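The file model20.txt comes next; it holds compact mmCIF, C-alpha atoms.
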```txt
# COMPACT_ATOMS: atom_id res chain seq x y z
CA MET A 1089 141.75 62.83 119.16
CA LYS A 1090 143.86 60.93 116.61
CA ALA A 1091 142.09 59.61 113.52
CA LEU A 1092 142.82 58.36 110.00
CA VAL A 1093 141.34 60.86 107.54
CA TYR A 1094 140.59 60.34 103.84
CA HIS A 1095 141.39 63.23 101.49
CA GLY A 1096 140.40 61.82 98.12
CA PRO A 1097 141.69 58.90 96.02
CA GLY A 1098 145.15 57.85 97.14
CA LYS A 1099 145.30 60.43 99.93
CA LYS A 1100 145.03 59.80 103.67
CA SER A 1101 146.69 61.06 106.84
CA LEU A 1102 146.73 60.59 110.60
CA GLU A 1103 145.41 63.81 112.11
CA ASP A 1104 144.16 65.46 115.27
CA MET A 1105 140.38 65.66 114.90
CA PRO A 1106 137.65 66.99 117.20
CA LYS A 1107 136.20 64.37 119.49
CA PRO A 1108 132.65 63.49 118.36
CA ALA A 1109 129.61 64.57 120.35
CA LEU A 1110 126.17 63.06 120.76
CA LEU A 1111 123.90 64.38 118.03
CA GLU A 1112 120.77 62.34 118.72
CA ALA A 1113 119.22 60.79 121.81
CA THR A 1114 119.78 57.36 120.21
CA ASP A 1115 123.58 57.84 119.85
CA ALA A 1116 126.43 56.39 121.88
CA LEU A 1117 130.05 57.47 122.03
CA VAL A 1118 132.43 54.51 122.08
CA ARG A 1119 136.11 54.68 122.97
CA ILE A 1120 137.80 52.36 120.51
CA THR A 1121 140.04 49.66 121.99
CA LYS A 1122 140.55 47.59 118.82
CA THR A 1123 139.82 48.38 115.21
CA THR A 1124 141.05 47.06 111.90
CA LEU A 1125 141.50 47.72 108.20
CA CYS A 1126 139.17 46.31 105.57
CA GLY A 1127 139.55 45.64 101.87
CA THR A 1128 136.70 48.10 101.41
CA ASP A 1129 138.96 50.82 102.83
CA LEU A 1130 141.42 50.08 100.03
CA HIS A 1131 138.57 50.32 97.51
CA ILE A 1132 137.72 53.74 99.00
CA LEU A 1133 141.31 54.87 98.58
CA LYS A 1134 141.20 53.73 94.95
CA GLY A 1135 138.17 55.95 94.40
CA ASP A 1136 135.74 53.04 93.98
CA VAL A 1137 133.26 54.36 96.58
CA PRO A 1138 132.15 57.86 95.54
CA THR A 1139 129.89 58.33 98.58
CA VAL A 1140 133.01 58.80 100.74
CA GLY A 1141 133.98 62.47 100.72
CA ALA A 1142 137.25 64.18 101.53
CA GLY A 1143 137.69 64.79 105.25
CA ARG A 1144 135.97 61.56 106.28
CA ILE A 1145 137.42 59.43 109.11
CA LEU A 1146 137.61 55.90 107.71
CA GLY A 1147 136.80 52.58 109.36
CA HIS A 1148 133.66 50.57 109.99
CA GLU A 1149 134.90 47.81 112.30
CA GLY A 1150 135.82 47.89 115.94
CA VAL A 1151 135.21 47.10 119.57
CA GLY A 1152 135.38 49.45 122.49
CA VAL A 1153 133.96 50.77 125.73
CA ILE A 1154 130.93 53.03 125.89
CA GLU A 1155 131.79 56.48 127.23
CA THR A 1156 128.33 58.03 127.17
CA THR A 1157 124.89 57.43 125.70
CA GLY A 1158 121.94 59.52 124.59
CA ASP A 1159 118.82 59.66 126.73
CA SER A 1160 116.94 57.17 124.51
CA VAL A 1161 119.56 54.41 124.69
CA THR A 1162 118.27 51.67 127.02
CA ARG A 1163 120.25 48.51 126.22
CA PHE A 1164 123.74 49.87 126.90
CA HIS A 1165 125.43 51.93 129.58
CA PRO A 1166 128.78 53.69 130.12
CA GLY A 1167 131.49 51.14 130.78
CA ASP A 1168 129.94 48.37 128.65
CA ARG A 1169 132.30 46.59 126.27
CA VAL A 1170 130.67 46.44 122.84
CA ILE A 1171 131.07 45.25 119.25
CA ILE A 1172 130.37 48.01 116.74
CA SER A 1173 128.44 46.64 113.78
CA CYS A 1174 129.55 47.87 110.36
CA ILE A 1175 125.83 48.37 109.67
CA SER A 1176 123.94 51.07 111.58
CA ALA A 1177 120.29 50.01 111.86
CA CYS A 1178 117.41 52.12 113.09
CA GLY A 1179 115.49 48.87 113.67
CA LYS A 1180 112.15 50.44 112.75
CA CYS A 1181 112.05 51.10 109.01
CA ASP A 1182 110.66 48.65 106.47
CA TYR A 1183 114.11 47.46 105.39
CA CYS A 1184 115.27 46.82 108.95
CA ARG A 1185 112.08 44.92 109.75
CA ARG A 1186 112.72 42.75 106.67
CA GLY A 1187 116.25 41.98 107.87
CA MET A 1188 117.83 44.16 105.16
CA CYS A 1189 119.54 46.50 107.61
CA SER A 1190 122.16 47.43 105.00
CA HIS A 1191 119.39 49.41 103.30
CA CYS A 1192 118.10 51.05 106.49
CA GLU A 1193 116.30 54.22 105.43
CA LYS A 1194 118.35 56.28 107.88
CA GLY A 1195 121.48 54.19 108.30
CA GLY A 1196 123.00 51.14 106.64
CA TRP A 1197 126.71 51.25 105.88
CA ILE A 1198 127.38 54.80 106.99
CA LEU A 1199 130.37 54.45 109.37
CA GLY A 1200 133.51 55.41 107.49
CA ASN A 1201 131.33 56.15 104.49
CA THR A 1202 128.89 59.02 104.97
CA ILE A 1203 129.71 59.66 108.65
CA ASP A 1204 133.00 59.40 110.54
CA GLY A 1205 134.19 55.90 111.28
CA THR A 1206 136.13 53.74 113.71
CA GLN A 1207 139.79 54.34 112.82
CA ALA A 1208 139.88 56.90 115.60
CA GLU A 1209 140.11 57.10 119.36
CA VAL A 1210 136.35 57.68 119.75
CA VAL A 1211 133.42 57.08 117.40
CA ARG A 1212 129.79 58.16 117.46
CA VAL A 1213 127.47 55.21 116.85
CA PRO A 1214 123.93 56.10 115.73
CA TRP A 1215 120.99 53.93 116.88
CA ALA A 1216 123.17 52.35 119.54
CA ASP A 1217 120.47 49.98 120.82
CA THR A 1218 120.28 48.23 117.44
CA SER A 1219 123.83 48.81 116.13
CA LEU A 1220 125.95 47.54 119.02
CA HIS A 1221 126.40 44.10 120.61
CA LEU A 1222 127.45 43.48 124.20
CA ILE A 1223 130.73 41.57 124.49
CA PRO A 1224 130.41 38.57 126.84
CA GLU A 1225 132.56 38.40 129.93
CA GLY A 1226 135.94 36.85 129.15
CA ALA A 1227 135.66 37.23 125.37
CA ASP A 1228 138.77 38.24 123.46
CA ASP A 1229 138.55 41.70 121.89
CA GLU A 1230 140.57 40.66 118.83
CA ALA A 1231 138.15 37.83 118.05
CA MET A 1232 135.22 40.16 118.64
CA VAL A 1233 136.49 42.66 116.04
CA MET A 1234 135.92 40.01 113.36
CA LEU A 1235 132.20 40.18 114.15
CA SER A 1236 132.00 43.83 113.07
CA ASP A 1237 132.18 42.96 109.39
CA ILE A 1238 134.20 40.14 107.83
CA LEU A 1239 132.55 37.16 109.51
CA PRO A 1240 128.96 38.25 108.85
CA THR A 1241 129.98 39.41 105.36
CA GLY A 1242 131.58 36.11 104.39
CA TYR A 1243 128.70 34.17 105.94
CA GLU A 1244 125.72 36.21 104.74
CA CYS A 1245 126.90 37.39 101.33
CA GLY A 1246 128.86 34.27 100.44
CA VAL A 1247 127.63 31.19 102.27
CA LEU A 1248 123.96 32.00 102.87
CA ASN A 1249 123.41 33.75 99.55
CA GLY A 1250 125.30 30.93 97.85
CA CYS A 1251 122.92 28.39 99.46
CA VAL A 1252 125.80 26.11 100.44
CA LYS A 1253 124.50 22.59 101.23
CA PRO A 1254 125.95 19.33 102.48
CA GLY A 1255 127.85 17.59 99.68
CA ASP A 1256 128.31 20.73 97.55
CA THR A 1257 131.48 21.62 95.71
CA VAL A 1258 132.25 25.22 96.63
CA ALA A 1259 134.83 27.47 94.98
CA ILE A 1260 135.91 30.66 96.73
CA ILE A 1261 137.77 33.12 94.52
CA GLY A 1262 139.95 35.29 96.72
CA ALA A 1263 141.73 34.08 99.85
CA GLY A 1264 141.77 37.44 101.59
CA PRO A 1265 140.16 37.90 105.01
CA VAL A 1266 136.57 37.90 103.72
CA GLY A 1267 137.18 34.91 101.44
CA LEU A 1268 138.70 33.06 104.38
CA ALA A 1269 135.72 34.06 106.54
CA ALA A 1270 133.47 32.50 103.89
CA LEU A 1271 135.61 29.37 104.03
CA MET A 1272 135.39 29.12 107.81
CA THR A 1273 131.61 29.53 107.85
CA ALA A 1274 130.95 27.35 104.79
CA LYS A 1275 132.20 24.43 106.90
CA PHE A 1276 129.02 24.78 109.01
CA TYR A 1277 127.22 23.04 106.12
CA THR A 1278 129.70 20.20 105.44
CA PRO A 1279 130.30 20.74 101.70
CA ALA A 1280 132.16 17.90 100.03
CA ASP A 1281 134.90 20.18 98.66
CA ILE A 1282 135.98 23.76 99.25
CA ILE A 1283 138.30 24.93 96.49
CA MET A 1284 140.22 28.11 97.29
CA ILE A 1285 141.58 30.16 94.37
CA ASP A 1286 144.13 32.97 94.70
CA HIS A 1287 147.46 34.21 93.32
CA ASP A 1288 149.16 34.20 96.73
CA ASP A 1289 150.70 30.94 97.97
CA HIS A 1290 150.84 32.18 101.57
CA ARG A 1291 147.11 32.90 101.61
CA LEU A 1292 146.44 29.52 100.04
CA ASP A 1293 148.52 27.88 102.78
CA VAL A 1294 146.37 29.65 105.38
CA ALA A 1295 143.25 28.47 103.56
CA LYS A 1296 144.52 24.88 103.72
CA LYS A 1297 145.00 25.18 107.49
CA LEU A 1298 141.47 26.57 107.83
CA GLY A 1299 139.89 23.65 106.00
CA ALA A 1300 140.11 24.18 102.23
CA THR A 1301 140.22 20.77 100.55
CA LYS A 1302 141.79 21.92 97.27
CA LEU A 1303 143.97 24.90 96.36
CA ILE A 1304 144.53 26.61 93.03
CA ASN A 1305 147.13 29.30 92.40
CA ASN A 1306 145.70 31.14 89.41
CA GLY A 1307 148.86 33.07 88.67
CA ASN A 1308 149.02 31.31 85.30
CA GLY A 1309 145.35 31.97 84.53
CA LYS A 1310 144.48 28.26 84.29
CA ALA A 1311 142.00 27.99 87.15
CA LEU A 1312 139.16 27.12 84.77
CA ILE A 1313 141.03 24.15 83.34
CA LYS A 1314 142.02 22.94 86.80
CA ILE A 1315 138.53 23.23 88.24
CA MET A 1316 136.97 21.41 85.32
CA ALA A 1317 139.51 18.61 85.79
CA MET A 1318 138.77 18.47 89.53
CA THR A 1319 135.01 18.30 88.92
CA PHE A 1320 135.14 15.93 85.92
CA GLY A 1321 133.96 18.68 83.59
CA ARG A 1322 130.87 19.51 85.64
CA GLY A 1323 131.87 22.74 87.41
CA VAL A 1324 131.10 23.83 90.96
CA ASP A 1325 127.78 24.07 92.79
CA VAL A 1326 128.65 27.38 94.45
CA ALA A 1327 131.11 30.05 93.30
CA ILE A 1328 131.82 32.81 95.83
CA GLU A 1329 133.45 35.94 94.39
CA ALA A 1330 135.46 37.63 97.15
CA VAL A 1331 137.77 40.00 95.24
CA GLY A 1332 135.74 42.57 93.34
CA ILE A 1333 137.33 42.78 89.89
CA PRO A 1334 135.97 41.77 86.47
CA ALA A 1335 138.37 38.84 86.02
CA THR A 1336 137.29 37.06 89.20
CA PHE A 1337 133.57 37.51 88.55
CA ASP A 1338 134.10 36.26 85.00
CA LEU A 1339 135.83 33.17 86.39
CA CYS A 1340 132.75 32.48 88.52
CA GLN A 1341 130.61 32.55 85.38
CA THR A 1342 132.81 29.99 83.62
CA ILE A 1343 133.17 27.47 86.47
CA ILE A 1344 129.57 27.31 87.70
CA ALA A 1345 127.66 24.08 87.09
CA PRO A 1346 124.06 24.01 85.83
CA GLY A 1347 121.72 24.84 88.70
CA GLY A 1348 124.54 26.48 90.65
CA HIS A 1349 124.79 29.69 92.64
CA ILE A 1350 127.18 32.59 92.06
CA ALA A 1351 127.40 34.68 95.24
CA ASN A 1352 129.11 38.03 94.82
CA VAL A 1353 130.87 39.39 97.90
CA GLY A 1354 133.55 41.66 96.41
CA VAL A 1355 133.26 45.44 96.08
CA HIS A 1356 133.21 46.26 92.37
CA GLY A 1357 134.43 49.63 91.14
CA GLU A 1358 134.01 49.03 87.42
CA SER A 1359 131.62 47.32 85.04
CA VAL A 1360 131.64 43.55 84.78
CA PRO A 1361 130.37 41.68 81.68
CA LEU A 1362 127.44 39.35 82.34
CA HIS A 1363 127.57 36.42 79.89
CA LEU A 1364 123.89 35.68 79.48
CA GLU A 1365 124.66 34.19 76.05
CA THR A 1366 126.04 31.15 77.92
CA LEU A 1367 124.19 31.38 81.24
CA TRP A 1368 120.60 31.94 80.08
CA SER A 1369 119.80 28.24 79.84
CA GLN A 1370 121.85 26.98 82.80
CA ASN A 1371 119.44 27.61 85.73
CA ILE A 1372 122.06 29.80 87.40
CA THR A 1373 121.27 32.00 90.39
CA ILE A 1374 123.40 35.14 90.81
CA THR A 1375 123.15 37.02 94.09
CA THR A 1376 124.54 40.33 95.27
CA ARG A 1377 124.41 41.67 98.80
CA LEU A 1378 125.78 44.24 101.16
CA VAL A 1379 126.15 42.61 104.55
CA ASP A 1380 123.13 43.15 106.82
CA ALA A 1381 124.93 41.95 109.97
CA VAL A 1382 121.82 40.06 111.06
CA THR A 1383 123.86 36.93 111.88
CA THR A 1384 126.25 38.60 114.33
CA ARG A 1385 124.68 37.05 117.42
CA LEU A 1386 124.66 33.58 115.86
CA LEU A 1387 128.35 33.93 114.99
CA LEU A 1388 129.13 35.31 118.44
CA LYS A 1389 127.63 32.20 120.05
CA THR A 1390 129.70 30.01 117.73
CA ILE A 1391 132.90 31.82 118.71
CA MET A 1392 132.12 31.61 122.42
CA ALA A 1393 131.48 27.87 122.02
CA GLY A 1394 134.95 27.46 120.48
CA ARG A 1395 133.58 26.28 117.14
CA LEU A 1396 134.78 29.33 115.21
CA LEU A 1397 138.30 30.69 115.77
CA PRO A 1398 138.59 34.01 113.90
CA LYS A 1399 141.84 35.12 115.56
CA GLN A 1400 143.53 32.82 113.05
CA LEU A 1401 142.89 35.53 110.45
CA ILE A 1402 145.05 38.12 112.25
CA SER A 1403 148.52 38.57 110.76
CA HIS A 1404 149.72 41.96 112.02
CA ARG A 1405 149.18 44.20 115.02
CA TYR A 1406 149.83 47.95 115.29
CA ALA A 1407 148.99 50.79 117.62
CA LEU A 1408 146.39 53.23 116.31
CA SER A 1409 149.17 55.82 116.13
CA GLU A 1410 150.89 53.54 113.58
CA VAL A 1411 147.89 53.40 111.24
CA MET A 1412 149.82 54.79 108.26
CA SER A 1413 152.30 51.91 108.51
CA ALA A 1414 149.41 49.51 108.96
CA TYR A 1415 147.90 50.71 105.67
CA ASP A 1416 151.23 50.25 103.91
CA THR A 1417 151.37 46.67 105.17
CA PHE A 1418 147.76 45.93 104.23
CA ALA A 1419 148.09 47.48 100.77
CA ASN A 1420 151.12 45.24 100.10
CA ALA A 1421 149.45 42.12 101.41
CA SER A 1422 151.31 39.63 99.24
CA LYS A 1423 154.75 40.99 100.06
CA GLU A 1424 153.94 41.41 103.77
CA GLN A 1425 151.89 38.19 104.06
CA ALA A 1426 149.10 40.31 105.52
CA LEU A 1427 145.60 39.15 106.30
CA LYS A 1428 143.70 40.98 109.04
CA VAL A 1429 145.59 43.95 110.54
CA ILE A 1430 144.58 44.96 114.07
CA LEU A 1431 144.95 48.49 115.46
CA SER A 1432 144.98 48.90 119.25
CA ASN A 1433 143.99 51.98 121.21
CA ASP A 1434 144.34 50.45 124.67
```

Written form, structure tokens:
Amino acid sequence: MKALVYHGPGKKSLEDMPKPALLEATDALVRITKTTLCGTDLHILKGDVPTVGAGRILGHEGVGVIETTGDSVTRFHPGDRVIISCISACGKCDYCRRGMCSHCEKGGWILGNTIDGTQAEVVRVPWADTSLHLIPEGADDEAMVMLSDILPTGYECGVLNGCVKPGDTVAIIGAGPVGLAALMTAKFYTPADIIMIDHDDHRLDVAKKLGATKLINNGNGKALIKIMAMTFGRGVDVAIEAVGIPATFDLCQTIIAPGGHIANVGVHGESVPLHLETLWSQNITITTRLVDAVTTRLLLKTIMAGRLLPKQLISHRYALSEVMSAYDTFANASKEQALKVILSND
């Protein structure tokens, strides 16, 4: 089968790889119909995720059709259309029972990380009963792909961890797909203002269409001054970091109001200074989280009701055989005006 294979920082290739086989009775093999690229994949290619070894098939998002299941799989059958969660959950360990499936003692984020992932024609999904979701009749596969990762990530790590409330002023730093997913789901809680901060005018335009009330292009590095002017010197109630570099996390620390929440979403590959010399007395809550994907069903219902329209995040479409070009587009997002890039294996 064709698959995108990682060979160390900066190295990847489209290759013929052996088709996966069932290894455990709880496994399912899923033929991928749609998958996508994630900012985390770019972090892997930069060398920011040392758990990913050379020879690994990348990808942790996708939808497809079940080809076969292990003898212990009871909720799914060959022919079922399914969403593949980016988090593989055994459903039985202490972490899973606490809703922290990202720290599953046997799974967690393993697809495209410590086991082969979804940027391939077929993927093996461990613990299929608790790591897949049935796609409703008539649902659009492209919308369903967004439930693999970015929508639950933006919602859980940004909005829920940030404790967004009615009337809040929310700043989201980073208008990439996950930042925009946080924007779309923050609107569930009717904040007074959602301020989107980025260097890319195209992404800011998309954010405006999706409901951002204020936009800041921080290309000149003056976002702090602008936010303080917008908030009459107070700062924001919630700052969501959706980039994963020191400068954006530092901005969150400078714009947060007393009693506010800083919710980190970005994948950080280097140390970030924590300014306790200014924050220690400010009643600030700082949260970190790897998505647990425990809100996928809630978000699925919202999509099916027409209240959440994630296809708006798709900017480019390629065949799986064109994955190398897709990566080039995604890695040059500003030039290519790229947001979510879909790969089809229909």

Tell me which protein, DNA and RNA residues are within 9 Å of Gln1400 of chain A, counting all atoms listed in the file, leaving out same-chain ones fewer than 4 positions away, and put them as a CSV table (one decimal) with C-alpha atoms, in the coordinates of the input.
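Once written, part_33.csv looks like this:
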```csv
chain,number,residue,atom,x,y,z
A,1231,ALA,CA,138.2,37.8,118.0
A,1294,VAL,CA,146.4,29.6,105.4
A,1298,LEU,CA,141.5,26.6,107.8
```

The residues within 12 Å of (144.4, 51.5, 104.5), using all atoms listed in the file and the coordinates of the file, should be reported as an NGL selection string; which are they? :A and (1092-1094 or 1097-1102 or 1124-1134 or 1145-1147 or 1200 or 1207 or 1410-1421 or 1428-1431)

Using all atoms listed in the file, determine which residues lie at most 12 Å from Asp1338 of chain A, disregarding the query and same-chain residues fewer than 3 positions distant; provide the list as a PyMOL selection string. chain A and resi 1261+1311-1312+1327-1329+1331-1335+1341-1344+1350+1352+1359-1364+1366-1367

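Distances here use only C-alpha atoms; by that measure, the residue among A:Trp1197, A:Tyr1243, A:Phe1337, A:Tyr1183 closest to Phe1276 of chain A is A:Tyr1243.
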
Please provide the set of residues having any atom within 9 Å of Ser1422 of chain A, restricted to only C-alpha atoms, with same-chain residues fewer than 5 positions apart removed, written as a list of chain:residue names. A:His1287, A:Asp1288, A:Asp1289, A:His1290, A:Arg1291

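Residues within 6 Å of Ala1280 of chain A, counting all atoms listed in the file and excluding same-chain residues fewer than 6 positions away, are Gly1255, Asp1256 and Thr1257 of chain A.
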
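Considering the residues A:Ser1173, A:Asn1249, A:Asn1201, A:Thr1301 and counting all atoms listed in the file, Leu1220 of chain A has its shortest atom-to-atom contact with A:Ser1173.
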
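For the choices A:Arg1377, A:Lys1275, A:Arg1385, A:Arg1186, the atom-to-atom distance to Leu1235 of chain A is smallest for A:Arg1385 when using only C-alpha atoms.
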
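Interatomic distance, atom CA of Arg1119 of chain A against atom CA of Ala1208 of chain A: 8.6 Å.
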
Can you work out which one of A:Gly1299, A:Gly1158, A:Ser1219, A:Val1211 has the shortest atom-to-atom distance to Cys1192 of chain A, counting all atoms listed in the file? A:Ser1219

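Atom CA of Thr1206 of chain A to atom CA of His1165 of chain A spans 19.2 Å [interatomic distance, one decimal].
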
Return the single residue from A:Glu1225, A:Asp1293, A:Asp1325, A:Asp1286 that is closest to Gly1250 of chain A, with distances computed using all atoms listed in the file. A:Asp1325

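What separates atom CA of Leu1199 of chain A from atom CA of Met1234 of chain A is a distance of 16.0 Å.
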
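Minimum atom-to-atom distance to Leu1268 of chain A, evaluated using only C-alpha atoms, belongs to A:Ala1330 out of A:Ala1330, A:Ala1426, A:Val1213, A:Cys1178.
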
Just want the 8 Å neighbourhood of Leu1387 of chain A, counted on all atoms listed in the file, with same-chain residues fewer than 4 positions away dropped. Output as a list in words. Leu1235, Leu1239, Pro1240, Thr1383, Ile1391 and Leu1396 of chain A
